[in-house]
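Chemist: The structure under discussion is supplied below as structure tokens; questions concerning it will follow.
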Amino acid sequence: MPDKDRESIVLCMDELLFPFCGSDDILYTRCKIDPKLYAYLNGLGFSFRSRYHFDLNDENKSLPGPDMFNPCIFSLAASSLQHEGLLTHNVKHLSPYAITSDTEEYLHATGLTGSLPDLETVKHVNSKFYSSRLLTRIGENCYGMEVNSVVEVQAVGNTLLKRGAYLLKDPFGVSGKGNMLIENEAMQRRIAEHLDKQERRGLRSQFLLEPLLRKEIDFSSHWFIHKSGERDFISVQRMLNQQQNYGGSIRADEALILLLENAGYFDTMEKALRILFEDGYHGFVCFDSMILEDGEIAPIIEINARKSMGLINAYLDKGLEKHGHTGLLTFLSLGLPEGFIFGSLLDALHVSGLLFRGQGEYGIMPISSNTVMVNDILTSRRISEGIQSHRGMPKGRLYISVVGRDNDHRSELIVSLRQVLDDLSIKVYN
């Protein structure tokens, strides 16, 4: 079911990139970070300079329509640089979440070509077809089968269904959004009828079909490939998933790392990283992996040739090291009451003793403001300007780092957070 509020939330997730910044770095976001959150993060040692394209709370400026608000941040940034007359040599180094066609255009405009891999390479190595073929190239068990027509979907699907359910995967689906679980022939037949209609209109089907793996643990490993080909290991992160979708990240414990070392997982990753570099890619890369119920390690479920949520958590942990802690990165989906302001959440967490304050303490560390507020602000502005009459309950998403002693303590902290939100008349949907 489509969610009209979701896109604007995702567009404001750029503020989650602050852990990658040093004190001299500029985090360029779509919307102005709430001043209270900015001061709070600075107080914890996450110091960075903030620039933004929209201040939605500034009623002296007209409310941007979707055609102005929704374009890729690099399209907005390029127009901002031109408008302000900034010299392109002021941009020393660009570190985006992901490379898009707009990123490439921005690189050309600023003369930074060559600092990042080219778009075609990025598209090539991000495909699930590529990760499936890579497993074969490095001599590992390959689970997926490529199909290029509805006829092949049915033929391969029928074979897979004899052994159980399977996943039909869009080669470029992100965060589980391109995966569909096929559990029986009736479901497969409905999908096939839909694909057949599309093919009759001249479209082409491309999917990876993969048996539903009975997983015990979801995890990811994070690396950086230098332009020289040298490779840096960054982190292994346990992933918390909600059905097929991302639910959270936490640093893997020593027992899991030791298990992976003994199983040769890191040797397999070195082979994969070498081939990625040979195929023209450099920069951040995340491998999604699994440990199955029978103990087998599936080393590469897919490749994310970009930054990732697990990588954000790894860098959050780097910032938390000075406080002697690590955190669980997760989020809550919210429905906001009328009149709510983000600062009231920080105040309520502080009064309840739940707000993470640093050295020697535990608690909840909010790490996003616009993902919470954007739809509420847009709705309020539209109502005041007569564009909209019905408010409803605008949705937001609160990203947090849960800093606790162990899993049980983190769970207790989240329960306490839910109570604080309930006291503020905020609905929690997940």
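Chain labels run A, B, ... following the order of the structure tokens; each chain numbers its residues from 1, and ligands are numbered from 1 in the order shown.
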Quick one: residues within 10 Å of Leu134 of chain A, only C-alpha atoms, excluding same-chain residues fewer than 2 positions away - as a PyMOL selection string?

Modeler: chain A and resi 125+128-132+136-140+142+271-272+275-276+300+302-303

Chemist: Using C-alpha atoms, can you write the selected residues to a file as a compact mmCIF listing (two decimals), in the first residue's frame?

Modeler:
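result-v2.txt was written with the following content:
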# COMPACT_ATOMS: atom_id res chain seq x y z
CA VAL A 125 28.43 -3.94 -9.24
CA LYS A 128 22.11 -8.72 -7.69
CA PHE A 129 23.10 -10.44 -10.93
CA TYR A 130 26.65 -9.23 -10.34
CA SER A 131 26.79 -10.50 -6.75
CA SER A 132 25.35 -13.86 -7.84
CA THR A 136 30.68 -18.37 -8.95
CA ARG A 137 33.85 -16.48 -9.90
CA ILE A 138 35.35 -16.95 -6.43
CA GLY A 139 34.29 -20.60 -6.16
CA GLU A 140 31.48 -20.19 -3.61
CA CYS A 142 25.64 -19.68 -5.66
CA LYS A 271 38.74 -12.46 -3.02
CA ALA A 272 35.49 -10.58 -3.65
CA ILE A 275 37.51 -8.66 -8.11
CA LEU A 276 35.42 -5.57 -7.32
CA ILE A 300 27.34 -12.76 -0.24
CA GLU A 302 24.02 -8.97 -2.11
CA ILE A 303 26.53 -6.16 -2.53

Chemist: Could you give me, as JSON lines, a per-residue list for segment 147-262 of chain A showing, wherever an atom lies at most 12 Å from an atom of segment 403-410 of chain A, the closest pair of atoms and their distance in Å to one decimal, using only C-alpha atoms and sorting by chain then residue number from low to high?

Modeler:
{"residue": "A:Ile250", "atom": "CA", "partner": "A:Asn407", "partner_atom": "CA", "distance": 10.1}
{"residue": "A:Arg251", "atom": "CA", "partner": "A:Asp406", "partner_atom": "CA", "distance": 11.8}
{"residue": "A:Asp253", "atom": "CA", "partner": "A:Asp406", "partner_atom": "CA", "distance": 11.0}

Chemist: Just the alpha helix (DSSP H) stuff from segment 305-348 of chain A, please, per backbone DSSP, written as a VMD selection string.

Modeler: chain A and resid 309 to 320 342 to 348

Chemist: For segment 212-215 of chain A, list every protein, DNA or RNA residue within 6 Å, evaluated using only C-alpha atoms, and leave out those in the same chain fewer than 4 positions away; present the list as an NGL selection string.

Modeler: :A and (165-167 or 291-293)

Chemist: Find the residues around Asp376 of chain A up to 12 Å (only C-alpha atoms counted), leave out those fewer than 2 positions away in its own chain, and share them as a PyMOL selection string.

Modeler: chain A and resi 5+8-9+56-57+334-342+369-374+378-383+391-397

Chemist: Go ahead and save the picked residues with C-alpha atoms, as a compact mmCIF listing (two decimals), in the first residue's frame.

Modeler:
# COMPACT_ATOMS: atom_id res chain seq x y z
CA ASP A 5 4.52 10.40 3.75
CA SER A 8 9.67 12.94 2.20
CA ILE A 9 11.00 11.01 5.23
CA LEU A 56 10.80 24.64 6.24
CA ASN A 57 10.10 26.55 9.47
CA LEU A 334 5.59 7.71 14.47
CA GLY A 335 2.28 9.51 14.11
CA LEU A 336 2.56 13.07 15.43
CA PRO A 337 -0.09 15.01 17.38
CA GLU A 338 -0.98 18.58 16.47
CA GLY A 339 1.39 21.18 17.92
CA PHE A 340 4.30 18.80 18.51
CA ILE A 341 7.84 20.25 18.16
CA PHE A 342 11.04 18.22 18.06
CA SER A 369 15.06 15.54 13.41
CA ASN A 370 13.73 16.12 9.89
CA THR A 371 12.79 12.46 9.39
CA VAL A 372 10.51 13.03 12.40
CA MET A 373 9.16 16.49 11.55
CA VAL A 374 9.12 16.96 7.77
CA LEU A 378 4.72 20.51 5.48
CA THR A 379 1.14 19.74 6.57
CA SER A 380 0.99 22.69 8.99
CA ARG A 381 2.36 25.09 6.36
CA ARG A 382 -0.09 23.83 3.72
CA ILE A 383 -3.02 24.30 6.09
CA ARG A 391 -4.49 17.44 8.93
CA GLY A 392 -4.79 13.74 9.70
CA MET A 393 -1.82 12.41 11.68
CA PRO A 394 1.45 13.15 9.81
CA LYS A 395 3.97 10.34 9.93
CA GLY A 396 7.60 10.63 10.98
CA ARG A 397 10.49 8.30 11.64

Chemist: Can you pull out the residues contacting Ile257 of chain A? Cut-off 12 Å, using only C-alpha atoms, and skip same-chain residues under 3 positions away; I want them as an mmCIF file with all heavy atoms, in the first residue's frame.

Modeler:
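Result went into around_22.cif, see below:
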data_model
loop_
_atom_site.group_PDB
_atom_site.id
_atom_site.type_symbol
_atom_site.label_atom_id
_atom_site.label_comp_id
_atom_site.auth_asym_id
_atom_site.auth_seq_id
_atom_site.Cartn_x
_atom_site.Cartn_y
_atom_site.Cartn_z
ATOM 1 N N PHE A 219 23.870 -10.687 8.925
ATOM 2 C CA PHE A 219 24.944 -9.759 9.262
ATOM 3 C C PHE A 219 25.512 -9.154 7.999
ATOM 4 O O PHE A 219 25.203 -9.585 6.879
ATOM 5 C CB PHE A 219 26.043 -10.462 10.085
ATOM 6 C CG PHE A 219 26.862 -11.469 9.318
ATOM 7 C CD1 PHE A 219 28.098 -11.118 8.765
ATOM 8 C CD2 PHE A 219 26.418 -12.779 9.167
ATOM 9 C CE1 PHE A 219 28.860 -12.045 8.067
ATOM 10 C CE2 PHE A 219 27.173 -13.710 8.470
ATOM 11 C CZ PHE A 219 28.406 -13.351 7.924
ATOM 12 N N SER A 220 26.314 -8.121 8.167
ATOM 13 C CA SER A 220 26.966 -7.471 7.027
ATOM 14 C C SER A 220 28.397 -7.117 7.403
ATOM 15 O O SER A 220 28.690 -6.864 8.580
ATOM 16 C CB SER A 220 26.202 -6.206 6.605
ATOM 17 O OG SER A 220 26.105 -5.304 7.692
ATOM 18 N N SER A 221 29.272 -7.134 6.405
ATOM 19 C CA SER A 221 30.645 -6.666 6.642
ATOM 20 C C SER A 221 30.893 -5.435 5.790
ATOM 21 O O SER A 221 30.370 -5.300 4.683
ATOM 22 C CB SER A 221 31.676 -7.762 6.328
ATOM 23 O OG SER A 221 31.668 -8.117 4.967
ATOM 24 N N SER A 235 34.081 -2.993 9.753
ATOM 25 C CA SER A 235 33.227 -3.532 10.804
ATOM 26 C C SER A 235 32.405 -4.711 10.297
ATOM 27 O O SER A 235 32.169 -4.848 9.091
ATOM 28 C CB SER A 235 32.271 -2.439 11.302
ATOM 29 O OG SER A 235 31.382 -2.912 12.277
ATOM 30 N N VAL A 236 31.977 -5.558 11.235
ATOM 31 C CA VAL A 236 30.905 -6.524 10.985
ATOM 32 C C VAL A 236 29.727 -6.099 11.851
ATOM 33 O O VAL A 236 29.882 -5.831 13.041
ATOM 34 C CB VAL A 236 31.320 -7.970 11.329
ATOM 35 C CG1 VAL A 236 30.106 -8.907 11.244
ATOM 36 C CG2 VAL A 236 32.406 -8.464 10.381
ATOM 37 N N GLN A 237 28.558 -6.027 11.237
ATOM 38 C CA GLN A 237 27.354 -5.577 11.930
ATOM 39 C C GLN A 237 26.278 -6.654 11.871
ATOM 40 O O GLN A 237 25.999 -7.200 10.802
ATOM 41 C CB GLN A 237 26.812 -4.291 11.274
ATOM 42 C CG GLN A 237 27.742 -3.103 11.342
ATOM 43 C CD GLN A 237 27.671 -2.398 12.679
ATOM 44 O OE1 GLN A 237 26.601 -2.194 13.235
ATOM 45 N NE2 GLN A 237 28.834 -1.990 13.190
ATOM 46 N N ARG A 238 25.691 -6.968 13.028
ATOM 47 C CA ARG A 238 24.485 -7.796 13.039
ATOM 48 C C ARG A 238 23.334 -6.950 12.526
ATOM 49 O O ARG A 238 23.207 -5.773 12.875
ATOM 50 C CB ARG A 238 24.169 -8.267 14.466
ATOM 51 C CG ARG A 238 25.084 -9.338 15.000
ATOM 52 C CD ARG A 238 24.677 -10.729 14.555
ATOM 53 N NE ARG A 238 23.345 -11.106 14.982
ATOM 54 C CZ ARG A 238 23.064 -11.784 16.092
ATOM 55 N NH1 ARG A 238 24.056 -12.123 16.919
ATOM 56 N NH2 ARG A 238 21.830 -12.117 16.389
ATOM 57 N N ARG A 251 26.911 -3.720 16.358
ATOM 58 C CA ARG A 251 28.223 -4.303 16.103
ATOM 59 C C ARG A 251 28.256 -5.773 16.527
ATOM 60 O O ARG A 251 27.750 -6.129 17.594
ATOM 61 C CB ARG A 251 29.305 -3.519 16.835
ATOM 62 C CG ARG A 251 30.725 -3.969 16.460
ATOM 63 C CD ARG A 251 31.739 -2.942 16.871
ATOM 64 N NE ARG A 251 31.959 -2.924 18.308
ATOM 65 C CZ ARG A 251 32.741 -2.041 18.921
ATOM 66 N NH1 ARG A 251 33.333 -1.077 18.217
ATOM 67 N NH2 ARG A 251 32.907 -2.082 20.224
ATOM 68 N N ALA A 252 28.833 -6.622 15.690
ATOM 69 C CA ALA A 252 28.932 -8.047 16.000
ATOM 70 C C ALA A 252 29.841 -8.275 17.203
ATOM 71 O O ALA A 252 30.836 -7.569 17.379
ATOM 72 C CB ALA A 252 29.479 -8.798 14.786
ATOM 73 N N ASP A 253 29.486 -9.264 18.026
ATOM 74 C CA ASP A 253 30.314 -9.560 19.195
ATOM 75 C C ASP A 253 31.520 -10.415 18.800
ATOM 76 O O ASP A 253 31.629 -10.903 17.667
ATOM 77 C CB ASP A 253 29.496 -10.232 20.298
ATOM 78 C CG ASP A 253 28.835 -11.527 19.836
ATOM 79 O OD1 ASP A 253 29.338 -12.171 18.900
ATOM 80 O OD2 ASP A 253 27.797 -11.893 20.420
ATOM 81 N N GLU A 254 32.439 -10.606 19.745
ATOM 82 C CA GLU A 254 33.689 -11.314 19.465
ATOM 83 C C GLU A 254 33.444 -12.764 19.069
ATOM 84 O O GLU A 254 34.183 -13.324 18.255
ATOM 85 C CB GLU A 254 34.614 -11.246 20.683
ATOM 86 C CG GLU A 254 35.148 -9.842 20.958
ATOM 87 C CD GLU A 254 36.074 -9.792 22.160
ATOM 88 O OE1 GLU A 254 36.437 -10.879 22.684
ATOM 89 O OE2 GLU A 254 36.435 -8.684 22.584
ATOM 90 N N LEU A 260 33.407 -16.425 12.201
ATOM 91 C CA LEU A 260 33.634 -16.062 10.794
ATOM 92 C C LEU A 260 35.086 -16.265 10.391
ATOM 93 O O LEU A 260 35.379 -16.743 9.279
ATOM 94 C CB LEU A 260 33.212 -14.605 10.561
ATOM 95 C CG LEU A 260 31.726 -14.279 10.760
ATOM 96 C CD1 LEU A 260 31.476 -12.790 10.573
ATOM 97 C CD2 LEU A 260 30.857 -15.094 9.820
ATOM 98 N N GLU A 261 36.005 -15.898 11.282
ATOM 99 C CA GLU A 261 37.433 -16.108 10.996
ATOM 100 C C GLU A 261 37.725 -17.582 10.769
ATOM 101 O O GLU A 261 38.399 -17.962 9.807
ATOM 102 C CB GLU A 261 38.281 -15.561 12.145
ATOM 103 C CG GLU A 261 38.378 -14.049 12.190
ATOM 104 C CD GLU A 261 39.173 -13.556 13.392
ATOM 105 O OE1 GLU A 261 39.434 -14.383 14.314
ATOM 106 O OE2 GLU A 261 39.505 -12.351 13.432
ATOM 107 N N ASN A 262 37.221 -18.431 11.660
ATOM 108 C CA ASN A 262 37.495 -19.875 11.575
ATOM 109 C C ASN A 262 36.860 -20.506 10.345
ATOM 110 O O ASN A 262 37.354 -21.515 9.826
ATOM 111 C CB ASN A 262 36.990 -20.588 12.837
ATOM 112 C CG ASN A 262 37.793 -20.206 14.062
ATOM 113 O OD1 ASN A 262 38.938 -19.775 13.951
ATOM 114 N ND2 ASN A 262 37.209 -20.352 15.244
ATOM 115 N N ALA A 263 35.770 -19.919 9.868
ATOM 116 C CA ALA A 263 35.072 -20.457 8.693
ATOM 117 C C ALA A 263 35.647 -19.935 7.377
ATOM 118 O O ALA A 263 35.180 -20.318 6.300
ATOM 119 C CB ALA A 263 33.590 -20.124 8.777
ATOM 120 N N GLY A 264 36.659 -19.046 7.436
ATOM 121 C CA GLY A 264 37.274 -18.518 6.215
ATOM 122 C C GLY A 264 36.486 -17.408 5.551
ATOM 123 O O GLY A 264 36.726 -17.064 4.387
ATOM 124 N N TYR A 265 35.546 -16.805 6.293
ATOM 125 C CA TYR A 265 34.709 -15.750 5.718
ATOM 126 C C TYR A 265 35.528 -14.570 5.217
ATOM 127 O O TYR A 265 35.307 -14.071 4.109
ATOM 128 C CB TYR A 265 33.693 -15.276 6.769
ATOM 129 C CG TYR A 265 32.877 -14.074 6.343
ATOM 130 C CD1 TYR A 265 31.762 -14.214 5.530
ATOM 131 C CD2 TYR A 265 33.216 -12.774 6.762
ATOM 132 C CE1 TYR A 265 31.004 -13.107 5.144
ATOM 133 C CE2 TYR A 265 32.468 -11.669 6.382
ATOM 134 C CZ TYR A 265 31.360 -11.849 5.572
ATOM 135 O OH TYR A 265 30.625 -10.757 5.178
ATOM 136 N N PHE A 266 36.513 -14.143 6.005
ATOM 137 C CA PHE A 266 37.287 -12.954 5.631
ATOM 138 C C PHE A 266 38.189 -13.226 4.426
ATOM 139 O O PHE A 266 38.445 -12.325 3.626
ATOM 140 C CB PHE A 266 38.084 -12.437 6.829
ATOM 141 C CG PHE A 266 37.206 -11.910 7.937
ATOM 142 C CD1 PHE A 266 36.960 -12.670 9.071
ATOM 143 C CD2 PHE A 266 36.594 -10.680 7.824
ATOM 144 C CE1 PHE A 266 36.134 -12.198 10.081
ATOM 145 C CE2 PHE A 266 35.754 -10.192 8.828
ATOM 146 C CZ PHE A 266 35.527 -10.956 9.952
#

Chemist: I'd like to know which of A:Ile73, A:Ala155, A:Leu27, A:Leu16 is closest to Arg51 of chain A, using only C-alpha atoms.

Modeler: A:Leu27

Chemist: Separation of atom CA of Leu328 of chain A and atom CA of Arg49 of chain A, in Å?

Modeler: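 Separation of atom CA of Leu328 of chain A and atom CA of Arg49 of chain A: 25.0 Å.
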
Chemist: So, with only C-alpha atoms as the atoms that count, which of A:Gly65, A:Gly248, A:Gly343, A:Pro171 lies closest to Ser205 of chain A?

Modeler: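 With only C-alpha atoms as the atom set, the closest residue is A:Pro171.
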
Chemist: Considering only C-alpha atoms, state which residue in the set A:Asp34, A:Glu270, A:Glu59, A:Asp288 is at the smallest distance from Asp232 of chain A.

Modeler: A:Glu270

Chemist: Find the residues around Cys21 of chain A up to 6 Å (only C-alpha atoms counted), leave out those fewer than 3 positions away in its own chain, and share them as a list in words.

Modeler: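 With the cut-off at 6 Å, the set is Phe18, Asp25 and Phe48 of chain A.
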
Chemist: Can you tell me how far atom CA of Val415 of chain A sits from atom CA of Leu349 of chain A, in Å to one decimal?

Modeler: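 Interatomic distance, atom CA of Val415 of chain A to atom CA of Leu349 of chain A: 12.8 Å.
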
Chemist: Check the smallest atom-to-atom distance from each of A:Thr103, A:Asn184, A:Asn241, A:Asn148 to Leu203 of chain A using only C-alpha atoms, then report the winner.

Modeler: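 Looking only at the distances to Leu203 of chain A, the closest residue turns out to be A:Asn148.
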
Chemist: I need the strand (DSSP E) residues of segment 35-249 of chain A per DSSP on the backbone, written as a ChimeraX atom specification.

Modeler: /A:49-54,145-147,166-169,179-182,207-211,215-225,231-242,245-249

Chemist: Okay, now the selection with N, CA and C atoms, as a tab-separated table (two decimals), in the first residue's frame?

Modeler:
chain	number	residue	atom	x	y	z
A	49	ARG	N	30.14	21.02	10.44
A	49	ARG	CA	29.47	22.22	9.97
A	49	ARG	C	28.23	21.82	9.18
A	50	SER	N	27.16	22.57	9.37
A	50	SER	CA	25.88	22.22	8.76
A	50	SER	C	25.48	23.24	7.70
A	51	ARG	N	25.11	22.72	6.52
A	51	ARG	CA	24.50	23.56	5.49
A	51	ARG	C	23.27	22.84	4.98
A	52	TYR	N	22.31	23.57	4.49
A	52	TYR	CA	21.04	22.97	4.11
A	52	TYR	C	20.44	23.76	2.94
A	53	HIS	N	19.47	23.14	2.30
A	53	HIS	CA	18.84	23.81	1.18
A	53	HIS	C	17.51	24.46	1.56
A	54	PHE	N	16.75	23.82	2.47
A	54	PHE	CA	15.44	24.36	2.88
A	54	PHE	C	15.38	24.51	4.40
A	145	MET	N	19.25	-17.85	-9.28
A	145	MET	CA	19.18	-18.16	-10.71
A	145	MET	C	18.60	-16.98	-11.46
A	146	GLU	N	19.25	-16.55	-12.52
A	146	GLU	CA	18.80	-15.41	-13.30
A	146	GLU	C	17.70	-15.85	-14.26
A	147	VAL	N	16.66	-15.02	-14.35
A	147	VAL	CA	15.61	-15.25	-15.34
A	147	VAL	C	15.37	-13.96	-16.11
A	166	TYR	N	10.30	-19.46	-2.35
A	166	TYR	CA	11.48	-18.79	-2.91
A	166	TYR	C	11.24	-17.29	-2.96
A	167	LEU	N	12.34	-16.55	-3.13
A	167	LEU	CA	12.28	-15.10	-3.26
A	167	LEU	C	12.47	-14.71	-4.72
A	168	LEU	N	11.60	-13.85	-5.21
A	168	LEU	CA	11.76	-13.24	-6.52
A	168	LEU	C	12.33	-11.86	-6.28
A	169	LYS	N	13.54	-11.62	-6.79
A	169	LYS	CA	14.28	-10.39	-6.45
A	169	LYS	C	14.48	-9.50	-7.67
A	179	ASN	N	12.04	-7.35	-3.11
A	179	ASN	CA	11.93	-8.80	-2.89
A	179	ASN	C	10.47	-9.19	-2.70
A	180	MET	N	10.06	-10.28	-3.35
A	180	MET	CA	8.72	-10.81	-3.14
A	180	MET	C	8.82	-12.29	-2.80
A	181	LEU	N	8.18	-12.68	-1.70
A	181	LEU	CA	8.19	-14.08	-1.26
A	181	LEU	C	7.10	-14.84	-2.01
A	182	ILE	N	7.49	-15.88	-2.74
A	182	ILE	CA	6.55	-16.73	-3.50
A	182	ILE	C	6.45	-18.06	-2.76
A	207	PHE	N	14.83	-10.93	-13.24
A	207	PHE	CA	14.78	-11.21	-11.82
A	207	PHE	C	15.84	-12.23	-11.43
A	208	LEU	N	16.16	-12.24	-10.16
A	208	LEU	CA	16.98	-13.30	-9.57
A	208	LEU	C	16.04	-14.11	-8.69
A	209	LEU	N	15.96	-15.40	-8.94
A	209	LEU	CA	15.13	-16.29	-8.14
A	209	LEU	C	16.03	-17.07	-7.19
A	210	GLU	N	15.67	-17.06	-5.93
A	210	GLU	CA	16.55	-17.62	-4.92
A	210	GLU	C	15.72	-18.39	-3.89
A	211	PRO	N	16.08	-19.64	-3.56
A	211	PRO	CA	15.33	-20.35	-2.53
A	211	PRO	C	15.35	-19.56	-1.22
A	215	LYS	N	17.58	-18.77	7.65
A	215	LYS	CA	18.70	-18.07	8.27
A	215	LYS	C	18.60	-18.10	9.78
A	216	GLU	N	19.76	-18.14	10.40
A	216	GLU	CA	19.88	-18.01	11.85
A	216	GLU	C	20.28	-16.59	12.23
A	217	ILE	N	21.25	-16.04	11.45
A	217	ILE	CA	21.78	-14.70	11.74
A	217	ILE	C	21.94	-13.93	10.44
A	218	ASP	N	21.45	-12.71	10.42
A	218	ASP	CA	21.72	-11.75	9.34
A	218	ASP	C	22.87	-10.86	9.78
A	219	PHE	N	23.87	-10.69	8.92
A	219	PHE	CA	24.94	-9.76	9.26
A	219	PHE	C	25.51	-9.15	8.00
A	220	SER	N	26.31	-8.12	8.17
A	220	SER	CA	26.97	-7.47	7.03
A	220	SER	C	28.40	-7.12	7.40
A	221	SER	N	29.27	-7.13	6.40
A	221	SER	CA	30.65	-6.67	6.64
A	221	SER	C	30.89	-5.43	5.79
A	222	HIS	N	31.70	-4.52	6.33
A	222	HIS	CA	31.88	-3.19	5.73
A	222	HIS	C	33.35	-2.92	5.49
A	223	TRP	N	33.63	-2.42	4.28
A	223	TRP	CA	35.01	-2.27	3.82
A	223	TRP	C	35.16	-0.96	3.07
A	224	PHE	N	36.42	-0.57	2.86
A	224	PHE	CA	36.72	0.56	1.99
A	224	PHE	C	37.84	0.15	1.05
A	225	ILE	N	37.59	0.30	-0.26
A	225	ILE	CA	38.59	0.00	-1.29
A	225	ILE	C	39.22	1.32	-1.74
A	231	ARG	N	42.75	-2.38	0.71
A	231	ARG	CA	41.42	-2.59	1.28
A	231	ARG	C	41.48	-2.44	2.80
A	232	ASP	N	40.56	-1.66	3.34
A	232	ASP	CA	40.44	-1.49	4.79
A	232	ASP	C	39.19	-2.19	5.29
A	233	PHE	N	39.36	-3.02	6.32
A	233	PHE	CA	38.21	-3.60	7.00
A	233	PHE	C	37.68	-2.59	8.02
A	234	ILE	N	36.37	-2.39	8.05
A	234	ILE	CA	35.77	-1.41	8.96
A	234	ILE	C	35.00	-2.09	10.09
A	235	SER	N	34.08	-2.99	9.75
A	235	SER	CA	33.23	-3.53	10.80
A	235	SER	C	32.40	-4.71	10.30
A	236	VAL	N	31.98	-5.56	11.24
A	236	VAL	CA	30.91	-6.52	10.98
A	236	VAL	C	29.73	-6.10	11.85
A	237	GLN	N	28.56	-6.03	11.24
A	237	GLN	CA	27.35	-5.58	11.93
A	237	GLN	C	26.28	-6.65	11.87
A	238	ARG	N	25.69	-6.97	13.03
A	238	ARG	CA	24.49	-7.80	13.04
A	238	ARG	C	23.33	-6.95	12.53
A	239	MET	N	22.47	-7.56	11.71
A	239	MET	CA	21.32	-6.82	11.18
A	239	MET	C	20.04	-7.33	11.81
A	240	LEU	N	19.19	-6.40	12.21
A	240	LEU	CA	17.85	-6.74	12.69
A	240	LEU	C	16.88	-6.43	11.56
A	241	ASN	N	16.20	-7.45	11.07
A	241	ASN	CA	15.29	-7.24	9.95
A	241	ASN	C	13.84	-7.43	10.37
A	242	GLN	N	12.97	-6.65	9.76
A	242	GLN	CA	11.52	-6.79	9.95
A	242	GLN	C	10.96	-7.35	8.64
A	245	ASN	N	12.64	-6.35	5.38
A	245	ASN	CA	13.10	-4.96	5.41
A	245	ASN	C	14.05	-4.69	6.58
A	246	TYR	N	14.86	-3.67	6.40
A	246	TYR	CA	15.85	-3.28	7.41
A	246	TYR	C	15.18	-2.82	8.69
A	247	GLY	N	15.69	-3.30	9.86
A	247	GLY	CA	15.13	-2.90	11.14
A	247	GLY	C	16.14	-2.30	12.10
A	248	GLY	N	17.44	-2.57	11.89
A	248	GLY	CA	18.45	-2.01	12.79
A	248	GLY	C	19.80	-2.68	12.61
A	249	SER	N	20.83	-2.08	13.22
A	249	SER	CA	22.21	-2.59	13.15
A	249	SER	C	22.88	-2.49	14.51
